[in-house]
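To be precise, the following lines are upload-v2.txt, and they hold compact mmCIF, N, CA and C atoms.
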```txt
# COMPACT_ATOMS: atom_id res chain seq x y z
N MET A 1 158.84 68.12 101.28
CA MET A 1 157.65 68.50 100.55
C MET A 1 156.70 69.35 101.38
N MET A 2 157.11 69.70 102.57
CA MET A 2 156.23 70.53 103.39
C MET A 2 156.08 71.89 102.75
N GLY A 3 154.89 72.42 102.85
CA GLY A 3 154.63 73.73 102.30
C GLY A 3 154.20 73.71 100.85
N GLN A 4 154.34 72.57 100.20
CA GLN A 4 153.91 72.48 98.81
C GLN A 4 152.46 72.00 98.75
N THR A 5 151.73 72.51 97.83
CA THR A 5 150.36 72.05 97.64
C THR A 5 150.28 71.31 96.32
N MET A 6 149.45 70.29 96.31
CA MET A 6 149.24 69.53 95.08
C MET A 6 148.00 70.07 94.39
N SER A 7 148.09 70.23 93.11
CA SER A 7 146.89 70.59 92.37
C SER A 7 146.29 69.31 91.82
N VAL A 8 144.99 69.22 91.92
CA VAL A 8 144.29 68.05 91.44
C VAL A 8 143.56 68.42 90.16
N GLN A 9 143.80 67.65 89.14
CA GLN A 9 143.14 67.89 87.87
C GLN A 9 142.20 66.74 87.57
N ALA A 10 141.05 67.09 87.08
CA ALA A 10 140.08 66.06 86.69
C ALA A 10 140.63 65.25 85.52
N ILE A 11 140.36 63.97 85.55
CA ILE A 11 140.78 63.09 84.46
C ILE A 11 139.90 63.33 83.24
N TRP A 12 138.62 63.62 83.51
CA TRP A 12 137.66 63.81 82.43
C TRP A 12 136.56 64.73 82.91
N ALA A 13 136.02 65.53 82.05
CA ALA A 13 134.87 66.37 82.34
C ALA A 13 133.95 66.36 81.12
N PRO A 14 132.65 66.29 81.34
CA PRO A 14 131.74 66.26 80.19
C PRO A 14 131.71 67.61 79.49
N GLY A 15 131.47 67.55 78.20
CA GLY A 15 131.29 68.77 77.43
C GLY A 15 129.90 69.34 77.67
N GLN A 16 129.68 70.54 77.21
CA GLN A 16 128.40 71.22 77.42
C GLN A 16 127.23 70.43 76.83
N ALA A 17 127.43 69.80 75.68
CA ALA A 17 126.34 69.03 75.06
C ALA A 17 125.93 67.87 75.95
N LEU A 18 126.89 67.15 76.52
CA LEU A 18 126.56 66.04 77.43
C LEU A 18 125.87 66.54 78.70
N ILE A 19 126.33 67.66 79.21
CA ILE A 19 125.71 68.24 80.40
C ILE A 19 124.25 68.57 80.12
N GLU A 20 123.99 69.17 78.97
CA GLU A 20 122.62 69.54 78.60
C GLU A 20 121.71 68.33 78.45
N GLN A 21 122.27 67.19 78.01
CA GLN A 21 121.47 65.98 77.78
C GLN A 21 121.33 65.10 79.01
N ALA A 22 122.06 65.39 80.05
CA ALA A 22 122.09 64.52 81.23
C ALA A 22 120.79 64.56 82.02
N ASN A 23 120.37 63.41 82.51
CA ASN A 23 119.18 63.34 83.35
C ASN A 23 119.32 64.19 84.60
N VAL A 24 120.52 64.24 85.17
CA VAL A 24 120.71 65.03 86.39
C VAL A 24 120.49 66.52 86.10
N THR A 25 120.82 66.96 84.90
CA THR A 25 120.57 68.36 84.53
C THR A 25 119.08 68.62 84.45
N ALA A 26 118.33 67.74 83.80
CA ALA A 26 116.87 67.90 83.72
C ALA A 26 116.26 67.87 85.11
N PHE A 27 116.73 66.95 85.95
CA PHE A 27 116.22 66.87 87.33
C PHE A 27 116.52 68.14 88.11
N ALA A 28 117.75 68.61 88.04
CA ALA A 28 118.13 69.82 88.77
C ALA A 28 117.28 71.01 88.33
N ARG A 29 117.09 71.15 87.03
CA ARG A 29 116.29 72.28 86.54
C ARG A 29 114.84 72.19 87.03
N GLN A 30 114.30 70.97 87.03
CA GLN A 30 112.92 70.81 87.50
C GLN A 30 112.82 71.14 88.98
N ALA A 31 113.76 70.68 89.78
CA ALA A 31 113.74 70.96 91.22
C ALA A 31 113.93 72.44 91.50
N ILE A 32 114.83 73.07 90.76
CA ILE A 32 115.09 74.51 90.94
C ILE A 32 113.82 75.31 90.64
N ARG A 33 113.10 74.94 89.59
CA ARG A 33 111.83 75.62 89.27
C ARG A 33 110.79 75.33 90.35
N ARG A 34 110.66 74.07 90.73
CA ARG A 34 109.63 73.67 91.69
C ARG A 34 109.77 74.41 93.02
N TRP A 35 110.99 74.49 93.52
CA TRP A 35 111.22 75.08 94.84
C TRP A 35 111.64 76.54 94.76
N ASP A 36 111.59 77.12 93.55
CA ASP A 36 111.91 78.53 93.33
C ASP A 36 113.27 78.88 93.94
N LEU A 37 114.27 78.07 93.58
CA LEU A 37 115.61 78.25 94.14
C LEU A 37 116.36 79.34 93.38
N GLU A 38 117.23 80.02 94.08
CA GLU A 38 117.93 81.18 93.53
C GLU A 38 119.35 80.87 93.08
N PHE A 39 119.58 79.69 92.53
CA PHE A 39 120.92 79.34 92.05
C PHE A 39 120.79 78.49 90.80
N ASN A 40 121.94 78.28 90.14
CA ASN A 40 121.92 77.49 88.91
C ASN A 40 123.28 76.84 88.67
N THR A 41 123.93 76.39 89.74
CA THR A 41 125.21 75.69 89.58
C THR A 41 125.12 74.35 90.29
N TYR A 42 125.90 73.40 89.81
CA TYR A 42 125.89 72.07 90.43
C TYR A 42 126.34 72.11 91.90
N PRO A 43 127.42 72.81 92.25
CA PRO A 43 127.79 72.85 93.68
C PRO A 43 126.69 73.40 94.56
N ASP A 44 125.98 74.43 94.10
CA ASP A 44 124.87 74.97 94.88
C ASP A 44 123.72 73.96 94.97
N PHE A 45 123.46 73.27 93.87
CA PHE A 45 122.40 72.25 93.87
C PHE A 45 122.75 71.12 94.83
N TYR A 46 123.99 70.68 94.81
CA TYR A 46 124.44 69.64 95.73
C TYR A 46 124.27 70.09 97.18
N ALA A 47 124.71 71.31 97.49
CA ALA A 47 124.57 71.82 98.86
C ALA A 47 123.10 71.87 99.27
N TRP A 48 122.22 72.29 98.36
CA TRP A 48 120.79 72.31 98.66
C TRP A 48 120.28 70.91 98.95
N SER A 49 120.74 69.92 98.18
CA SER A 49 120.26 68.54 98.38
C SER A 49 120.65 68.02 99.77
N VAL A 50 121.79 68.44 100.27
CA VAL A 50 122.24 68.02 101.60
C VAL A 50 121.51 68.80 102.69
N ASP A 51 121.31 70.08 102.47
CA ASP A 51 120.67 70.94 103.47
C ASP A 51 119.15 70.78 103.53
N HIS A 52 118.54 70.31 102.45
CA HIS A 52 117.08 70.17 102.36
C HIS A 52 116.72 68.78 101.84
N PRO A 53 117.04 67.73 102.58
CA PRO A 53 116.84 66.37 102.06
C PRO A 53 115.37 66.04 101.77
N GLU A 54 114.44 66.59 102.55
CA GLU A 54 113.03 66.29 102.28
C GLU A 54 112.60 66.84 100.93
N GLN A 55 112.98 68.08 100.63
CA GLN A 55 112.64 68.66 99.34
C GLN A 55 113.34 67.91 98.21
N PHE A 56 114.60 67.60 98.41
CA PHE A 56 115.37 66.90 97.39
C PHE A 56 114.73 65.55 97.06
N TRP A 57 114.47 64.72 98.08
CA TRP A 57 113.95 63.37 97.82
C TRP A 57 112.50 63.39 97.36
N ASP A 58 111.73 64.37 97.78
CA ASP A 58 110.38 64.53 97.25
C ASP A 58 110.46 64.83 95.75
N SER A 59 111.44 65.63 95.36
CA SER A 59 111.66 65.94 93.95
C SER A 59 112.12 64.71 93.18
N VAL A 60 112.99 63.89 93.79
CA VAL A 60 113.44 62.66 93.14
C VAL A 60 112.24 61.76 92.87
N TRP A 61 111.38 61.58 93.87
CA TRP A 61 110.18 60.75 93.73
C TRP A 61 109.37 61.19 92.52
N ASP A 62 109.09 62.50 92.46
CA ASP A 62 108.26 63.02 91.37
C ASP A 62 108.97 62.94 90.02
N PHE A 63 110.24 63.28 89.97
CA PHE A 63 110.99 63.25 88.71
C PHE A 63 111.06 61.83 88.16
N CYS A 64 111.23 60.86 89.03
CA CYS A 64 111.34 59.47 88.60
C CYS A 64 109.99 58.84 88.29
N GLY A 65 108.91 59.53 88.66
CA GLY A 65 107.58 59.01 88.35
C GLY A 65 107.24 57.75 89.12
N VAL A 66 107.62 57.70 90.39
CA VAL A 66 107.33 56.52 91.20
C VAL A 66 105.82 56.29 91.23
N ILE A 67 105.42 55.05 90.99
CA ILE A 67 104.01 54.66 91.01
C ILE A 67 103.72 54.13 92.41
N ALA A 68 102.70 54.69 93.05
CA ALA A 68 102.35 54.25 94.41
C ALA A 68 100.87 54.44 94.65
N SER A 69 100.31 53.57 95.48
CA SER A 69 98.92 53.77 95.87
C SER A 69 98.82 54.87 96.91
N ASN A 70 99.92 55.13 97.63
CA ASN A 70 99.97 56.20 98.62
C ASN A 70 101.40 56.68 98.77
N LYS A 71 101.65 57.94 98.47
CA LYS A 71 102.98 58.51 98.67
C LYS A 71 103.18 58.86 100.14
N GLY A 72 102.11 59.29 100.78
CA GLY A 72 102.23 59.72 102.17
C GLY A 72 102.62 61.18 102.25
N ALA A 73 102.39 61.77 103.41
CA ALA A 73 102.68 63.18 103.61
C ALA A 73 104.12 63.41 104.03
N ARG A 74 104.71 62.45 104.68
CA ARG A 74 106.07 62.63 105.21
C ARG A 74 107.10 62.01 104.29
N VAL A 75 108.17 62.75 104.07
CA VAL A 75 109.28 62.27 103.23
C VAL A 75 110.35 61.63 104.10
N LEU A 76 110.66 62.25 105.22
CA LEU A 76 111.76 61.81 106.07
C LEU A 76 111.36 61.88 107.53
N VAL A 77 111.58 60.79 108.24
CA VAL A 77 111.35 60.74 109.68
C VAL A 77 112.67 60.32 110.33
N GLY A 78 113.09 61.06 111.32
CA GLY A 78 114.34 60.73 112.02
C GLY A 78 115.57 61.04 111.21
N GLY A 79 115.54 62.12 110.45
CA GLY A 79 116.68 62.47 109.60
C GLY A 79 117.96 62.72 110.35
N GLU A 80 117.85 62.99 111.63
CA GLU A 80 119.06 63.20 112.44
C GLU A 80 119.76 61.87 112.75
N ARG A 81 119.07 60.77 112.50
CA ARG A 81 119.64 59.44 112.75
C ARG A 81 120.03 58.80 111.41
N MET A 82 121.27 58.92 111.07
CA MET A 82 121.77 58.27 109.86
C MET A 82 122.89 57.34 110.27
N PRO A 83 122.76 56.05 110.20
CA PRO A 83 121.60 55.32 109.69
C PRO A 83 120.47 55.30 110.73
N GLY A 84 119.33 54.91 110.26
CA GLY A 84 118.15 54.79 111.11
C GLY A 84 117.00 55.67 110.68
N ALA A 85 117.25 56.60 109.77
CA ALA A 85 116.17 57.45 109.27
C ALA A 85 115.21 56.61 108.44
N ARG A 86 113.98 57.07 108.34
CA ARG A 86 112.98 56.37 107.52
C ARG A 86 112.49 57.31 106.43
N TRP A 87 112.58 56.84 105.20
CA TRP A 87 112.19 57.62 104.02
C TRP A 87 110.81 57.20 103.56
N PHE A 88 109.95 58.16 103.28
CA PHE A 88 108.59 57.93 102.80
C PHE A 88 107.92 56.82 103.63
N PRO A 89 107.83 57.00 104.95
CA PRO A 89 107.34 55.91 105.81
C PRO A 89 105.88 55.53 105.57
N GLU A 90 105.10 56.41 105.00
CA GLU A 90 103.68 56.10 104.75
C GLU A 90 103.43 55.59 103.33
N ALA A 91 104.47 55.57 102.53
CA ALA A 91 104.32 55.18 101.12
C ALA A 91 103.96 53.71 101.01
N ARG A 92 103.11 53.42 100.05
CA ARG A 92 102.74 52.05 99.72
C ARG A 92 102.87 51.91 98.21
N LEU A 93 103.81 51.06 97.81
CA LEU A 93 104.02 50.89 96.39
C LEU A 93 104.36 49.44 96.09
N ASN A 94 104.19 49.09 94.85
CA ASN A 94 104.50 47.76 94.38
C ASN A 94 105.83 47.87 93.63
N PHE A 95 106.85 47.28 94.20
CA PHE A 95 108.18 47.37 93.61
C PHE A 95 108.20 46.82 92.19
N ALA A 96 107.58 45.68 91.99
CA ALA A 96 107.57 45.07 90.65
C ALA A 96 106.88 45.97 89.64
N GLU A 97 105.79 46.62 90.03
CA GLU A 97 105.09 47.51 89.11
C GLU A 97 106.01 48.64 88.64
N ASN A 98 106.77 49.19 89.56
CA ASN A 98 107.70 50.26 89.19
C ASN A 98 108.84 49.74 88.33
N MET A 99 109.33 48.58 88.65
CA MET A 99 110.45 48.03 87.91
C MET A 99 110.04 47.59 86.51
N LEU A 100 108.85 47.04 86.36
CA LEU A 100 108.44 46.45 85.10
C LEU A 100 107.81 47.43 84.12
N ARG A 101 107.65 48.68 84.50
CA ARG A 101 107.04 49.62 83.57
C ARG A 101 107.92 49.90 82.37
N ARG A 102 109.22 49.68 82.52
CA ARG A 102 110.14 49.81 81.38
C ARG A 102 110.36 48.45 80.77
N ARG A 103 110.48 48.41 79.46
CA ARG A 103 110.69 47.13 78.76
C ARG A 103 111.92 47.20 77.87
N ASP A 104 112.86 48.07 78.22
CA ASP A 104 114.03 48.23 77.36
C ASP A 104 115.21 47.42 77.89
N ALA A 105 116.36 47.67 77.34
CA ALA A 105 117.56 46.89 77.69
C ALA A 105 118.38 47.53 78.81
N ALA A 106 117.87 48.61 79.43
CA ALA A 106 118.60 49.24 80.54
C ALA A 106 118.61 48.29 81.73
N ASP A 107 119.59 48.44 82.59
CA ASP A 107 119.66 47.59 83.77
C ASP A 107 118.57 47.95 84.76
N ALA A 108 117.90 46.93 85.29
CA ALA A 108 116.87 47.13 86.31
C ALA A 108 117.50 47.10 87.69
N PHE A 109 118.42 46.20 87.90
CA PHE A 109 119.14 46.08 89.17
C PHE A 109 120.62 46.09 88.89
N VAL A 110 121.34 46.91 89.60
CA VAL A 110 122.79 46.96 89.46
C VAL A 110 123.37 47.05 90.86
N PHE A 111 124.40 46.28 91.11
CA PHE A 111 125.08 46.32 92.39
C PHE A 111 126.40 47.05 92.24
N TRP A 112 126.64 48.05 93.08
CA TRP A 112 127.92 48.75 93.14
C TRP A 112 128.37 48.69 94.59
N ASP A 113 129.62 48.38 94.81
CA ASP A 113 130.10 48.46 96.19
C ASP A 113 131.09 49.63 96.31
N GLU A 114 131.62 49.81 97.51
CA GLU A 114 132.47 50.96 97.78
C GLU A 114 133.79 50.92 97.01
N THR A 115 134.18 49.77 96.52
CA THR A 115 135.44 49.66 95.78
C THR A 115 135.25 49.91 94.29
N GLY A 116 134.01 50.09 93.87
CA GLY A 116 133.73 50.31 92.46
C GLY A 116 133.33 49.05 91.72
N PHE A 117 133.29 47.91 92.44
CA PHE A 117 132.85 46.67 91.81
C PHE A 117 131.41 46.84 91.34
N ARG A 118 131.14 46.45 90.11
CA ARG A 118 129.80 46.59 89.53
C ARG A 118 129.39 45.26 88.96
N ARG A 119 128.15 44.89 89.22
CA ARG A 119 127.62 43.66 88.65
C ARG A 119 126.19 43.91 88.18
N ARG A 120 125.92 43.63 86.93
CA ARG A 120 124.58 43.73 86.38
C ARG A 120 123.80 42.52 86.86
N ILE A 121 122.59 42.76 87.33
CA ILE A 121 121.79 41.64 87.82
C ILE A 121 120.73 41.27 86.78
N TYR A 122 119.85 42.18 86.44
CA TYR A 122 118.77 41.89 85.50
C TYR A 122 118.35 43.14 84.75
N GLN A 123 117.77 42.93 83.58
CA GLN A 123 117.14 44.00 82.82
C GLN A 123 115.63 43.89 83.00
N PRO A 124 114.89 45.02 82.84
CA PRO A 124 113.44 44.97 83.03
C PRO A 124 112.75 43.92 82.17
N GLY A 125 113.16 43.79 80.92
CA GLY A 125 112.54 42.79 80.05
C GLY A 125 112.71 41.38 80.57
N GLU A 126 113.89 41.09 81.13
CA GLU A 126 114.13 39.77 81.69
C GLU A 126 113.21 39.51 82.89
N CYS A 127 113.05 40.52 83.71
CA CYS A 127 112.22 40.37 84.91
C CYS A 127 110.74 40.27 84.54
N ALA A 128 110.36 40.89 83.44
CA ALA A 128 108.95 40.88 83.04
C ALA A 128 108.53 39.56 82.42
N GLU A 129 109.50 38.73 82.05
CA GLU A 129 109.17 37.51 81.33
C GLU A 129 108.42 36.50 82.17
N SER A 130 108.66 36.48 83.46
CA SER A 130 107.97 35.49 84.28
C SER A 130 108.00 35.88 85.75
N PRO A 131 106.99 35.44 86.51
CA PRO A 131 107.00 35.68 87.95
C PRO A 131 108.24 35.10 88.63
N ARG A 132 108.74 33.98 88.11
CA ARG A 132 109.93 33.38 88.69
C ARG A 132 111.13 34.33 88.56
N ALA A 133 111.24 35.01 87.41
CA ALA A 133 112.33 35.96 87.22
C ALA A 133 112.20 37.13 88.17
N ILE A 134 110.97 37.58 88.42
CA ILE A 134 110.75 38.67 89.38
C ILE A 134 111.22 38.24 90.76
N ARG A 135 110.89 37.02 91.15
CA ARG A 135 111.33 36.53 92.46
C ARG A 135 112.85 36.48 92.53
N ARG A 136 113.49 36.06 91.44
CA ARG A 136 114.96 36.03 91.43
C ARG A 136 115.51 37.44 91.56
N CYS A 137 114.92 38.38 90.81
CA CYS A 137 115.39 39.77 90.87
C CYS A 137 115.26 40.32 92.29
N SER A 138 114.09 40.20 92.86
CA SER A 138 113.87 40.77 94.20
C SER A 138 114.61 39.99 95.27
N GLY A 139 114.79 38.69 95.06
CA GLY A 139 115.52 37.89 96.04
C GLY A 139 116.98 38.28 96.13
N LYS A 140 117.56 38.65 95.01
CA LYS A 140 118.96 39.07 95.02
C LYS A 140 119.14 40.36 95.81
N LEU A 141 118.08 41.13 95.96
CA LEU A 141 118.14 42.37 96.74
C LEU A 141 117.59 42.16 98.15
N SER A 142 117.23 40.94 98.50
CA SER A 142 116.67 40.61 99.81
C SER A 142 115.38 41.39 100.08
N LEU A 143 114.56 41.60 99.05
CA LEU A 143 113.28 42.28 99.22
C LEU A 143 112.24 41.28 99.69
N ARG A 144 111.36 41.75 100.55
CA ARG A 144 110.28 40.91 101.07
C ARG A 144 108.94 41.63 100.89
N VAL A 145 107.86 40.86 100.93
CA VAL A 145 106.54 41.47 100.91
C VAL A 145 106.42 42.38 102.12
N LYS A 146 105.87 43.56 101.90
CA LYS A 146 105.70 44.58 102.94
C LYS A 146 107.04 44.98 103.57
N ASP A 147 108.08 45.00 102.76
CA ASP A 147 109.41 45.37 103.25
C ASP A 147 109.36 46.81 103.73
N GLN A 148 109.82 47.04 104.94
CA GLN A 148 109.80 48.37 105.54
C GLN A 148 111.22 48.89 105.77
N SER A 149 112.21 48.14 105.36
CA SER A 149 113.59 48.56 105.66
C SER A 149 114.12 49.53 104.63
```
Here is a file; write its structure as structure tokens.
Amino acid sequence: MMGQTMSVQAIWAPGQALIEQANVTAFARQAIRRWDLEFNTYPDFYAWSVDHPEQFWDSVWDFCGVIASNKGARVLVGGERMPGARWFPEARLNFAENMLRRRDAADAFVFWDETGFRRRIYQPGECAESPRAIRRCSGKLSLRVKDQS
């Protein structure tokens, strides 16, 4: 089999209508406008996200509407150390406030591991029902008050 190349075909690809409706499409368009980028393809957008992580993650913060008392001026500190980099080190936010702003049936916490194992933990409505549920939700993620990790 030496000298032969394998062609890889996608099992599935979204149609144009799904692409147009996708959140990642809306996010990419917003970031491209914000940073006045000169491209309009997903591979170029992906490359930009890797080459400009501060701009990318600052855009994610804004697109997702993160609620915080302080966003801070710095997005990334120690980006050359992965792991070990610190994201939004000056930010101060209330995790529960961000999680509980939605009251729908979408998953609030989902665990995915490298093998593709997925487990639904809680929905926002479930977590909003009681402080005890919030503690269970955050406890499953090992979150602590003033968590800096």
Do you have the atom C of A:Glu80-atom C of A:Ser49 distance handy?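 Atom C of A:Ser49 lies at a distance of 14.4 Å from atom C of A:Glu80.
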In Å, how far is it from atom CA of A:Glu38 to atom CA of A:Asp62? 20.7 Å
Using atom N of A:Asp58 and atom C of A:Asn70 as the two end points, give the distance in Å to one decimal.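 Pair atom N of A:Asp58 / atom C of A:Asn70 returns 12.9 Å.
Ranking A:Gln55, A:Ser69, A:Gln21, A:Gln16 by their shortest atom-to-atom distance to A:Trp35, with only N, CA and C atoms included, puts A:Gln55 first.
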Choose the residue, out of A:Phe95, A:Phe63, A:Tyr46, A:Trp57, that has the smallest atom-to-atom separation from A:Gln30; count all atoms listed in the file.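 Ranked by minimum distance to A:Gln30, first place goes to A:Phe63.
Of the listed residues (A:Glu54, A:Arg103, A:Ser59, A:Trp112), A:Glu54 comes nearest to A:Ala85; the distances count only C-alpha atoms.
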